[in-house]
Amino acid sequence: MALTEQTVREMYDAMLAHFGHQGWWPGDGPLEVCVGAILTQNTNWTNVEKALANLKAADCMSVAALNAIELPALAELIRPAGYFNVKARRLKNFIARLRETHGDDIRGFLDRPAATLREELLSISGIGRETADSIILYAAGKCTFVVDAYTARVLFRHRLIDAEADYETIKELLESNLPEDLGLFNDFHAQFVAVGKTYCRPSPRCAGCPLEEMPHDPAAGTEEA
DNA sequence: GACCAGGCACATC
DNA sequence: GATGTGCATGGT
């Protein structure tokens, strides 16, 4: 079983029919999307929303304010998102690079080819592949596939990738089978998260999954496998 | 109370 | 280069 344009389309259509458009990214403007992308690392979105609300309430959702605020105060504001000391440093790293290269012009920072933007983002401490791709897709509005644990698990259980497939391999595979459609890239990742959260857990519950009719192996990647 | 959530950096082997 | 560990909260 290989991933084809048709398979990818069928998966997306099935998930979309089941869950509807997911409406990602739930952020107000490119800076908030970037901040949210860092705060959501290994963290449930509902916790991120509380941290974002704190930042806005403290009038800190701007490049200037995020630059000016002291690290401990920033950490305190983002506490609900967890890992607050680490994430406060990561936010500071991001803001520092932004200011070094483009002052407070977040749009100018994001406005360049996806490949060079990705390279720059990955060179910032605290921004890995998934966070970089989330920023490129949802803040910069450029087609790049955001791969996460759910994406890998769903594709693996459907025998569309091997267990060893790494991030870049999965990303390339999906991108090479998708039309350059920003709306599709945007919603596809969100659909993978939806199906992953609901059905494709470490202990799968395939009944009712929109992908249940497609060839799959629920035991793949579980203790029973 | 255990497990999970829209990861990443760093130490160690 | 692969693997293990720390970071930390809030919902289920």
# chains A, B, ... in the order shown; residues from 1 in each chain; ligands from 1

call {"tool": "interface_residues", "arguments": {"of": "chain A", "to": "chain C", "cutoff": "9 Å", "atoms": "only C-alpha atoms (C1' of nucleotides)", "output": "list in words"}}
result
Thr43, Asn44, Thr46, Asn47, Arg79, Pro80, Ala81, Gly82, Tyr83, Phe84, Asn85 and Val86 of chain A

call {"tool": "write_last_selection", "arguments": {"atoms": "C-alpha atoms", "output": "mmCIF file, in the first residue's frame"}}
result
data_model
loop_
_atom_site.group_PDB
_atom_site.id
_atom_site.type_symbol
_atom_site.label_atom_id
_atom_site.label_comp_id
_atom_site.auth_asym_id
_atom_site.auth_seq_id
_atom_site.Cartn_x
_atom_site.Cartn_y
_atom_site.Cartn_z
ATOM 1 C CA THR A 43 0.266 20.966 25.586
ATOM 2 C CA ASN A 44 -3.487 20.849 25.194
ATOM 3 C CA THR A 46 -7.336 24.779 26.051
ATOM 4 C CA ASN A 47 -4.373 25.476 28.353
ATOM 5 C CA ARG A 79 1.916 29.440 33.453
ATOM 6 C CA PRO A 80 -1.377 27.739 32.437
ATOM 7 C CA ALA A 81 0.297 26.417 29.264
ATOM 8 C CA GLY A 82 2.762 24.357 31.296
ATOM 9 C CA TYR A 83 6.557 24.214 30.927
ATOM 10 C CA PHE A 84 6.315 27.928 31.570
ATOM 11 C CA ASN A 85 9.987 28.583 32.331
ATOM 12 C CA VAL A 86 11.123 26.784 29.198
#

call {"tool": "interface_residues", "arguments": {"of": "chain B", "to": "chain A", "cutoff": "7 Å", "atoms": "only C-alpha atoms (C1' of nucleotides)", "output": "ChimeraX atom specification"}}
result
/B:5-8

call {"tool": "select_by_dssp", "arguments": {"residues": "stretch 3-213 of chain A", "states": "alpha helix (DSSP H)", "output": "mmCIF file with N, CA and C atoms, in the first residue's frame"}}
result
data_model
loop_
_atom_site.group_PDB
_atom_site.id
_atom_site.type_symbol
_atom_site.label_atom_id
_atom_site.label_comp_id
_atom_site.auth_asym_id
_atom_site.auth_seq_id
_atom_site.Cartn_x
_atom_site.Cartn_y
_atom_site.Cartn_z
ATOM 1 N N GLU A 5 -2.047 10.267 -4.582
ATOM 2 C CA GLU A 5 -2.888 11.465 -4.532
ATOM 3 C C GLU A 5 -4.329 11.084 -4.235
ATOM 4 N N GLN A 6 -4.747 9.954 -4.807
ATOM 5 C CA GLN A 6 -6.134 9.528 -4.604
ATOM 6 C C GLN A 6 -6.373 9.095 -3.156
ATOM 7 N N THR A 7 -5.432 8.331 -2.600
ATOM 8 C CA THR A 7 -5.566 7.894 -1.204
ATOM 9 C C THR A 7 -5.624 9.086 -0.260
ATOM 10 N N VAL A 8 -4.720 10.038 -0.491
ATOM 11 C CA VAL A 8 -4.660 11.218 0.361
ATOM 12 C C VAL A 8 -5.976 11.984 0.287
ATOM 13 N N ARG A 9 -6.495 12.109 -0.901
ATOM 14 C CA ARG A 9 -7.759 12.831 -1.101
ATOM 15 C C ARG A 9 -8.912 12.114 -0.398
ATOM 16 N N GLU A 10 -8.918 10.798 -0.531
ATOM 17 C CA GLU A 10 -9.990 10.010 0.104
ATOM 18 C C GLU A 10 -9.940 10.154 1.626
ATOM 19 N N MET A 11 -8.735 10.148 2.156
ATOM 20 C CA MET A 11 -8.593 10.301 3.609
ATOM 21 C C MET A 11 -9.122 11.657 4.043
ATOM 22 N N TYR A 12 -8.694 12.678 3.321
ATOM 23 C CA TYR A 12 -9.119 14.025 3.719
ATOM 24 C C TYR A 12 -10.626 14.175 3.618
ATOM 25 N N ASP A 13 -11.191 13.728 2.494
ATOM 26 C CA ASP A 13 -12.635 13.875 2.297
ATOM 27 C C ASP A 13 -13.420 13.146 3.382
ATOM 28 N N ALA A 14 -12.944 11.956 3.758
ATOM 29 C CA ALA A 14 -13.633 11.177 4.787
ATOM 30 C C ALA A 14 -13.576 11.889 6.143
ATOM 31 N N MET A 15 -12.421 12.445 6.464
ATOM 32 C CA MET A 15 -12.287 13.140 7.753
ATOM 33 C C MET A 15 -13.093 14.428 7.752
ATOM 34 N N LEU A 16 -13.046 15.145 6.637
ATOM 35 C CA LEU A 16 -13.798 16.400 6.539
ATOM 36 C C LEU A 16 -15.293 16.149 6.684
ATOM 37 N N ALA A 17 -15.785 15.082 6.013
ATOM 38 C CA ALA A 17 -17.209 14.766 6.080
ATOM 39 C C ALA A 17 -17.617 14.456 7.516
ATOM 40 N N HIS A 18 -16.707 13.873 8.265
ATOM 41 C CA HIS A 18 -17.002 13.460 9.639
ATOM 42 C C HIS A 18 -16.911 14.619 10.632
ATOM 43 N N PHE A 19 -15.836 15.379 10.531
ATOM 44 C CA PHE A 19 -15.567 16.413 11.545
ATOM 45 C C PHE A 19 -15.948 17.821 11.114
ATOM 46 N N PRO A 30 -0.733 37.179 12.985
ATOM 47 C CA PRO A 30 0.444 36.313 12.868
ATOM 48 C C PRO A 30 1.263 36.186 14.150
ATOM 49 N N LEU A 31 1.379 37.259 14.924
ATOM 50 C CA LEU A 31 2.175 37.155 16.150
ATOM 51 C C LEU A 31 1.535 36.187 17.133
ATOM 52 N N GLU A 32 0.215 36.311 17.271
ATOM 53 C CA GLU A 32 -0.482 35.424 18.202
ATOM 54 C C GLU A 32 -0.377 33.967 17.761
ATOM 55 N N VAL A 33 -0.371 33.736 16.456
ATOM 56 C CA VAL A 33 -0.208 32.367 15.949
ATOM 57 C C VAL A 33 1.187 31.843 16.314
ATOM 58 N N CYS A 34 2.189 32.676 16.141
ATOM 59 C CA CYS A 34 3.568 32.263 16.484
ATOM 60 C C CYS A 34 3.689 31.960 17.969
ATOM 61 N N VAL A 35 3.131 32.832 18.790
ATOM 62 C CA VAL A 35 3.177 32.622 20.240
ATOM 63 C C VAL A 35 2.432 31.341 20.603
ATOM 64 N N GLY A 36 1.254 31.160 19.997
ATOM 65 C CA GLY A 36 0.464 29.957 20.264
ATOM 66 C C GLY A 36 1.193 28.699 19.844
ATOM 67 N N ALA A 37 1.930 28.772 18.734
ATOM 68 C CA ALA A 37 2.656 27.600 18.231
ATOM 69 C C ALA A 37 3.725 27.161 19.226
ATOM 70 N N ILE A 38 4.365 28.110 19.876
ATOM 71 C CA ILE A 38 5.383 27.778 20.875
ATOM 72 C C ILE A 38 4.714 27.283 22.163
ATOM 73 N N LEU A 39 3.636 27.941 22.553
ATOM 74 C CA LEU A 39 2.982 27.562 23.814
ATOM 75 C C LEU A 39 2.315 26.193 23.742
ATOM 76 N N TRP A 45 -4.563 22.495 23.775
ATOM 77 C CA TRP A 45 -4.859 23.858 23.310
ATOM 78 C C TRP A 45 -5.661 24.671 24.322
ATOM 79 N N THR A 46 -6.520 24.023 25.091
ATOM 80 C CA THR A 46 -7.336 24.779 26.051
ATOM 81 C C THR A 46 -6.435 25.484 27.074
ATOM 82 N N ASN A 47 -5.312 24.845 27.417
ATOM 83 C CA ASN A 47 -4.373 25.476 28.353
ATOM 84 C C ASN A 47 -3.645 26.643 27.689
ATOM 85 N N VAL A 48 -3.381 26.492 26.400
ATOM 86 C CA VAL A 48 -2.722 27.558 25.647
ATOM 87 C C VAL A 48 -3.615 28.790 25.590
ATOM 88 N N GLU A 49 -4.915 28.557 25.407
ATOM 89 C CA GLU A 49 -5.852 29.680 25.312
ATOM 90 C C GLU A 49 -5.835 30.531 26.578
ATOM 91 N N LYS A 50 -5.688 29.885 27.714
ATOM 92 C CA LYS A 50 -5.637 30.634 28.975
ATOM 93 C C LYS A 50 -4.386 31.511 29.023
ATOM 94 N N ALA A 51 -3.283 30.936 28.565
ATOM 95 C CA ALA A 51 -2.030 31.700 28.549
ATOM 96 C C ALA A 51 -2.124 32.865 27.574
ATOM 97 N N LEU A 52 -2.709 32.626 26.409
ATOM 98 C CA LEU A 52 -2.866 33.703 25.419
ATOM 99 C C LEU A 52 -3.760 34.806 25.985
ATOM 100 N N ALA A 53 -4.806 34.400 26.690
ATOM 101 C CA ALA A 53 -5.714 35.387 27.302
ATOM 102 C C ALA A 53 -4.973 36.210 28.343
ATOM 103 N N ASN A 54 -4.122 35.570 29.129
ATOM 104 C CA ASN A 54 -3.316 36.289 30.123
ATOM 105 C C ASN A 54 -2.418 37.322 29.448
ATOM 106 N N LEU A 55 -1.777 36.904 28.371
ATOM 107 C CA LEU A 55 -0.868 37.813 27.658
ATOM 108 C C LEU A 55 -1.634 39.031 27.131
ATOM 109 N N LYS A 56 -2.795 38.784 26.566
ATOM 110 C CA LYS A 56 -3.580 39.894 26.019
ATOM 111 C C LYS A 56 -4.102 40.801 27.118
ATOM 112 N N ALA A 57 -4.537 40.183 28.211
ATOM 113 C CA ALA A 57 -5.061 40.975 29.328
ATOM 114 C C ALA A 57 -3.967 41.866 29.905
ATOM 115 N N VAL A 63 5.158 42.641 19.756
ATOM 116 C CA VAL A 63 6.602 42.390 19.735
ATOM 117 C C VAL A 63 7.293 43.254 20.789
ATOM 118 N N ALA A 64 6.904 44.525 20.851
ATOM 119 C CA ALA A 64 7.545 45.444 21.796
ATOM 120 C C ALA A 64 7.330 45.001 23.239
ATOM 121 N N ALA A 65 6.093 44.608 23.542
ATOM 122 C CA ALA A 65 5.781 44.225 24.919
ATOM 123 C C ALA A 65 6.462 42.907 25.284
ATOM 124 N N LEU A 66 6.482 41.973 24.360
ATOM 125 C CA LEU A 66 7.125 40.688 24.640
ATOM 126 C C LEU A 66 8.631 40.855 24.786
ATOM 127 N N ASN A 67 9.150 41.853 24.114
ATOM 128 C CA ASN A 67 10.577 42.146 24.253
ATOM 129 C C ASN A 67 10.877 42.803 25.596
ATOM 130 N N ALA A 68 9.959 43.680 26.000
ATOM 131 C CA ALA A 68 10.212 44.465 27.212
ATOM 132 C C ALA A 68 9.990 43.679 28.497
ATOM 133 N N LEU A 71 11.656 38.106 32.014
ATOM 134 C CA LEU A 71 11.434 36.661 31.858
ATOM 135 C C LEU A 71 10.513 36.070 32.937
ATOM 136 N N PRO A 72 10.744 36.365 34.213
ATOM 137 C CA PRO A 72 9.878 35.765 35.247
ATOM 138 C C PRO A 72 8.418 36.206 35.107
ATOM 139 N N ALA A 73 8.218 37.459 34.716
ATOM 140 C CA ALA A 73 6.852 37.958 34.549
ATOM 141 C C ALA A 73 6.177 37.277 33.364
ATOM 142 N N LEU A 74 6.947 37.089 32.301
ATOM 143 C CA LEU A 74 6.414 36.386 31.129
ATOM 144 C C LEU A 74 6.047 34.949 31.501
ATOM 145 N N ALA A 75 6.941 34.292 32.238
ATOM 146 C CA ALA A 75 6.690 32.912 32.659
ATOM 147 C C ALA A 75 5.401 32.822 33.471
ATOM 148 N N GLU A 76 5.200 33.804 34.319
ATOM 149 C CA GLU A 76 4.005 33.796 35.163
ATOM 150 C C GLU A 76 2.733 33.916 34.318
ATOM 151 N N LEU A 77 2.785 34.759 33.306
ATOM 152 C CA LEU A 77 1.608 34.950 32.449
ATOM 153 C C LEU A 77 1.258 33.688 31.676
ATOM 154 N N PHE A 84 6.326 26.477 31.771
ATOM 155 C CA PHE A 84 6.315 27.928 31.570
ATOM 156 C C PHE A 84 7.697 28.556 31.560
ATOM 157 N N ASN A 85 8.635 28.006 32.351
ATOM 158 C CA ASN A 85 9.987 28.583 32.331
ATOM 159 C C ASN A 85 10.677 28.347 30.987
ATOM 160 N N VAL A 86 10.522 27.134 30.490
ATOM 161 C CA VAL A 86 11.123 26.784 29.198
ATOM 162 C C VAL A 86 10.485 27.611 28.070
ATOM 163 N N LYS A 87 9.172 27.664 28.083
ATOM 164 C CA LYS A 87 8.466 28.349 27.001
ATOM 165 C C LYS A 87 8.686 29.863 27.040
ATOM 166 N N ALA A 88 8.864 30.422 28.238
ATOM 167 C CA ALA A 88 9.155 31.858 28.331
ATOM 168 C C ALA A 88 10.490 32.146 27.633
ATOM 169 N N ARG A 89 11.479 31.283 27.865
ATOM 170 C CA ARG A 89 12.775 31.457 27.186
ATOM 171 C C ARG A 89 12.622 31.307 25.674
ATOM 172 N N ARG A 90 11.814 30.327 25.265
ATOM 173 C CA ARG A 90 11.618 30.103 23.825
ATOM 174 C C ARG A 90 10.942 31.293 23.167
ATOM 175 N N LEU A 91 9.967 31.860 23.843
ATOM 176 C CA LEU A 91 9.298 33.048 23.295
ATOM 177 C C LEU A 91 10.296 34.195 23.175
ATOM 178 N N LYS A 92 11.112 34.364 24.193
ATOM 179 C CA LYS A 92 12.135 35.415 24.174
ATOM 180 C C LYS A 92 13.126 35.194 23.029
ATOM 181 N N ASN A 93 13.507 33.934 22.812
ATOM 182 C CA ASN A 93 14.425 33.626 21.709
ATOM 183 C C ASN A 93 13.811 34.008 20.370
ATOM 184 N N PHE A 94 12.546 33.683 20.208
ATOM 185 C CA PHE A 94 11.854 33.983 18.962
ATOM 186 C C PHE A 94 11.764 35.501 18.743
ATOM 187 N N ILE A 95 11.353 36.207 19.785
ATOM 188 C CA ILE A 95 11.203 37.659 19.691
ATOM 189 C C ILE A 95 12.562 38.328 19.427
ATOM 190 N N ALA A 96 13.596 37.797 20.063
ATOM 191 C CA ALA A 96 14.930 38.376 19.867
ATOM 192 C C ALA A 96 15.366 38.249 18.413
ATOM 193 N N ARG A 97 15.151 37.081 17.816
ATOM 194 C CA ARG A 97 15.538 36.885 16.412
ATOM 195 C C ARG A 97 14.720 37.778 15.493
ATOM 196 N N LEU A 98 13.437 37.846 15.790
ATOM 197 C CA LEU A 98 12.549 38.702 14.997
ATOM 198 C C LEU A 98 13.035 40.151 15.014
ATOM 199 N N ARG A 99 13.399 40.609 16.201
ATOM 200 C CA ARG A 99 13.837 41.994 16.328
ATOM 201 C C ARG A 99 15.197 42.227 15.673
ATOM 202 N N GLU A 100 16.074 41.255 15.801
ATOM 203 C CA GLU A 100 17.401 41.368 15.172
ATOM 204 C C GLU A 100 17.281 41.536 13.665
ATOM 205 N N THR A 101 16.359 40.778 13.078
ATOM 206 C CA THR A 101 16.288 40.736 11.618
ATOM 207 C C THR A 101 15.255 41.680 11.024
ATOM 208 N N HIS A 102 14.162 41.922 11.725
ATOM 209 C CA HIS A 102 13.078 42.724 11.136
ATOM 210 C C HIS A 102 12.441 43.709 12.101
ATOM 211 N N ILE A 106 6.597 41.685 12.172
ATOM 212 C CA ILE A 106 6.368 40.236 12.110
ATOM 213 C C ILE A 106 6.015 39.792 10.684
ATOM 214 N N ARG A 107 5.249 40.609 9.986
ATOM 215 C CA ARG A 107 4.861 40.225 8.622
ATOM 216 C C ARG A 107 6.071 40.207 7.698
ATOM 217 N N GLY A 108 6.976 41.164 7.906
ATOM 218 C CA GLY A 108 8.197 41.188 7.106
ATOM 219 C C GLY A 108 9.058 39.963 7.385
ATOM 220 N N PHE A 109 9.095 39.571 8.647
ATOM 221 C CA PHE A 109 9.853 38.383 9.043
ATOM 222 C C PHE A 109 9.308 37.129 8.359
ATOM 223 N N LEU A 110 7.993 37.055 8.273
ATOM 224 C CA LEU A 110 7.351 35.851 7.712
ATOM 225 C C LEU A 110 7.302 35.858 6.197
ATOM 226 N N ALA A 114 9.047 29.756 1.804
ATOM 227 C CA ALA A 114 8.862 28.823 2.922
ATOM 228 C C ALA A 114 10.172 28.145 3.331
ATOM 229 N N ALA A 115 10.984 27.782 2.350
ATOM 230 C CA ALA A 115 12.217 27.046 2.666
ATOM 231 C C ALA A 115 13.188 27.900 3.483
ATOM 232 N N THR A 116 13.343 29.155 3.122
ATOM 233 C CA THR A 116 14.294 29.997 3.861
ATOM 234 C C THR A 116 13.717 30.405 5.210
ATOM 235 N N LEU A 117 12.394 30.591 5.263
ATOM 236 C CA LEU A 117 11.760 30.891 6.546
ATOM 237 C C LEU A 117 11.922 29.708 7.495
ATOM 238 N N ARG A 118 11.742 28.526 6.966
ATOM 239 C CA ARG A 118 11.871 27.304 7.777
ATOM 240 C C ARG A 118 13.286 27.173 8.337
ATOM 241 N N GLU A 119 14.259 27.460 7.483
ATOM 242 C CA GLU A 119 15.649 27.381 7.908
ATOM 243 C C GLU A 119 15.916 28.349 9.062
ATOM 244 N N GLU A 120 15.407 29.560 8.917
ATOM 245 C CA GLU A 120 15.611 30.559 9.965
ATOM 246 C C GLU A 120 14.913 30.147 11.258
ATOM 247 N N LEU A 121 13.675 29.701 11.141
ATOM 248 C CA LEU A 121 12.929 29.300 12.338
ATOM 249 C C LEU A 121 13.628 28.151 13.062
ATOM 250 N N LEU A 122 14.112 27.174 12.302
ATOM 251 C CA LEU A 122 14.757 26.005 12.910
ATOM 252 C C LEU A 122 16.075 26.364 13.589
ATOM 253 N N ARG A 129 10.794 21.223 14.245
ATOM 254 C CA ARG A 129 10.126 21.070 12.947
ATOM 255 C C ARG A 129 8.636 21.366 13.005
ATOM 256 N N GLU A 130 7.978 20.777 13.979
ATOM 257 C CA GLU A 130 6.522 20.941 14.015
ATOM 258 C C GLU A 130 6.144 22.391 14.305
ATOM 259 N N THR A 131 6.836 23.004 15.229
ATOM 260 C CA THR A 131 6.538 24.398 15.549
ATOM 261 C C THR A 131 6.842 25.293 14.349
ATOM 262 N N ALA A 132 7.965 25.049 13.691
ATOM 263 C CA ALA A 132 8.337 25.844 12.516
ATOM 264 C C ALA A 132 7.286 25.696 11.424
ATOM 265 N N ASP A 133 6.880 24.467 11.166
ATOM 266 C CA ASP A 133 5.899 24.250 10.108
ATOM 267 C C ASP A 133 4.534 24.842 10.466
ATOM 268 N N SER A 134 4.181 24.796 11.737
ATOM 269 C CA SER A 134 2.927 25.420 12.167
ATOM 270 C C SER A 134 2.966 26.921 11.898
ATOM 271 N N ALA A 149 2.482 13.651 15.930
ATOM 272 C CA ALA A 149 2.431 12.239 16.336
ATOM 273 C C ALA A 149 1.178 11.565 15.791
ATOM 274 N N TYR A 150 0.070 12.292 15.761
ATOM 275 C CA TYR A 150 -1.174 11.711 15.236
ATOM 276 C C TYR A 150 -1.036 11.382 13.749
ATOM 277 N N THR A 151 -0.482 12.311 13.007
ATOM 278 C CA THR A 151 -0.298 12.104 11.569
ATOM 279 C C THR A 151 0.473 10.809 11.325
ATOM 280 N N ALA A 152 1.573 10.665 12.039
ATOM 281 C CA ALA A 152 2.413 9.482 11.867
ATOM 282 C C ALA A 152 1.651 8.223 12.266
ATOM 283 N N ARG A 153 0.906 8.302 13.368
ATOM 284 C CA ARG A 153 0.214 7.109 13.855
ATOM 285 C C ARG A 153 -0.902 6.680 12.892
ATOM 286 N N VAL A 154 -1.659 7.661 12.418
ATOM 287 C CA VAL A 154 -2.751 7.347 11.490
ATOM 288 C C VAL A 154 -2.181 6.724 10.213
ATOM 289 N N LEU A 155 -1.149 7.336 9.667
ATOM 290 C CA LEU A 155 -0.563 6.822 8.418
ATOM 291 C C LEU A 155 0.060 5.446 8.638
ATOM 292 N N PHE A 156 0.677 5.269 9.796
ATOM 293 C CA PHE A 156 1.292 3.974 10.093
ATOM 294 C C PHE A 156 0.238 2.881 10.230
ATOM 295 N N ARG A 157 -0.824 3.188 10.945
ATOM 296 C CA ARG A 157 -1.872 2.169 11.147
ATOM 297 C C ARG A 157 -2.574 1.825 9.839
ATOM 298 N N TYR A 167 10.183 12.549 10.447
ATOM 299 C CA TYR A 167 9.364 13.731 10.176
ATOM 300 C C TYR A 167 9.465 14.181 8.728
ATOM 301 N N GLU A 168 10.692 14.374 8.259
ATOM 302 C CA GLU A 168 10.884 14.928 6.912
ATOM 303 C C GLU A 168 10.353 13.979 5.839
ATOM 304 N N THR A 169 10.504 12.682 6.072
ATOM 305 C CA THR A 169 10.007 11.692 5.117
ATOM 306 C C THR A 169 8.483 11.780 4.985
ATOM 307 N N ILE A 170 7.811 11.842 6.127
ATOM 308 C CA ILE A 170 6.347 11.903 6.135
ATOM 309 C C ILE A 170 5.874 13.202 5.484
ATOM 310 N N LYS A 171 6.554 14.285 5.825
ATOM 311 C CA LYS A 171 6.207 15.595 5.264
ATOM 312 C C LYS A 171 6.341 15.589 3.735
ATOM 313 N N GLU A 172 7.460 15.070 3.250
ATOM 314 C CA GLU A 172 7.697 14.997 1.798
ATOM 315 C C GLU A 172 6.633 14.148 1.114
ATOM 316 N N LEU A 173 6.337 13.032 1.752
ATOM 317 C CA LEU A 173 5.370 12.094 1.182
ATOM 318 C C LEU A 173 4.004 12.764 1.005
ATOM 319 N N LEU A 174 3.564 13.457 2.032
ATOM 320 C CA LEU A 174 2.262 14.115 1.952
ATOM 321 C C LEU A 174 2.294 15.261 0.950
ATOM 322 N N GLU A 175 3.336 16.070 1.027
ATOM 323 C CA GLU A 175 3.409 17.238 0.136
ATOM 324 C C GLU A 175 3.466 16.829 -1.328
ATOM 325 N N LEU A 182 -3.597 26.046 -0.117
ATOM 326 C CA LEU A 182 -3.368 26.469 1.265
ATOM 327 C C LEU A 182 -4.482 26.016 2.197
ATOM 328 N N GLY A 183 -5.731 26.145 1.720
ATOM 329 C CA GLY A 183 -6.858 25.745 2.550
ATOM 330 C C GLY A 183 -6.810 24.260 2.877
ATOM 331 N N LEU A 184 -6.384 23.483 1.910
ATOM 332 C CA LEU A 184 -6.274 22.026 2.103
ATOM 333 C C LEU A 184 -5.171 21.699 3.101
ATOM 334 N N PHE A 185 -4.000 22.303 2.927
ATOM 335 C CA PHE A 185 -2.898 22.085 3.877
ATOM 336 C C PHE A 185 -3.322 22.492 5.285
ATOM 337 N N ASN A 186 -3.981 23.628 5.348
ATOM 338 C CA ASN A 186 -4.409 24.181 6.626
ATOM 339 C C ASN A 186 -5.315 23.203 7.371
ATOM 340 N N ASP A 187 -6.338 22.718 6.672
ATOM 341 C CA ASP A 187 -7.339 21.893 7.348
ATOM 342 C C ASP A 187 -6.911 20.435 7.498
ATOM 343 N N PHE A 188 -6.049 19.980 6.610
ATOM 344 C CA PHE A 188 -5.656 18.561 6.630
ATOM 345 C C PHE A 188 -4.977 18.212 7.956
ATOM 346 N N HIS A 189 -4.023 19.024 8.351
ATOM 347 C CA HIS A 189 -3.326 18.780 9.620
ATOM 348 C C HIS A 189 -4.330 18.752 10.776
ATOM 349 N N ALA A 190 -5.250 19.700 10.765
ATOM 350 C CA ALA A 190 -6.253 19.766 11.834
ATOM 351 C C ALA A 190 -7.140 18.522 11.829
ATOM 352 N N GLN A 191 -7.438 17.999 10.654
ATOM 353 C CA GLN A 191 -8.261 16.786 10.569
ATOM 354 C C GLN A 191 -7.506 15.589 11.143
ATOM 355 N N PHE A 192 -6.217 15.517 10.869
ATOM 356 C CA PHE A 192 -5.405 14.428 11.439
ATOM 357 C C PHE A 192 -5.439 14.498 12.967
ATOM 358 N N VAL A 193 -5.351 15.691 13.492
ATOM 359 C CA VAL A 193 -5.403 15.841 14.944
ATOM 360 C C VAL A 193 -6.763 15.396 15.470
ATOM 361 N N ALA A 194 -7.826 15.778 14.758
ATOM 362 C CA ALA A 194 -9.176 15.414 15.196
ATOM 363 C C ALA A 194 -9.362 13.901 15.197
ATOM 364 N N VAL A 195 -8.969 13.259 14.120
ATOM 365 C CA VAL A 195 -9.159 11.808 14.033
ATOM 366 C C VAL A 195 -8.223 11.093 15.015
ATOM 367 N N GLY A 196 -7.042 11.662 15.205
ATOM 368 C CA GLY A 196 -6.084 11.067 16.132
ATOM 369 C C GLY A 196 -6.579 11.130 17.566
ATOM 370 N N LYS A 197 -7.084 12.300 17.948
ATOM 371 C CA LYS A 197 -7.589 12.494 19.310
ATOM 372 C C LYS A 197 -8.780 11.585 19.603
ATOM 373 N N THR A 198 -9.650 11.458 18.616
ATOM 374 C CA THR A 198 -10.917 10.779 18.843
ATOM 375 C C THR A 198 -10.814 9.263 18.694
#
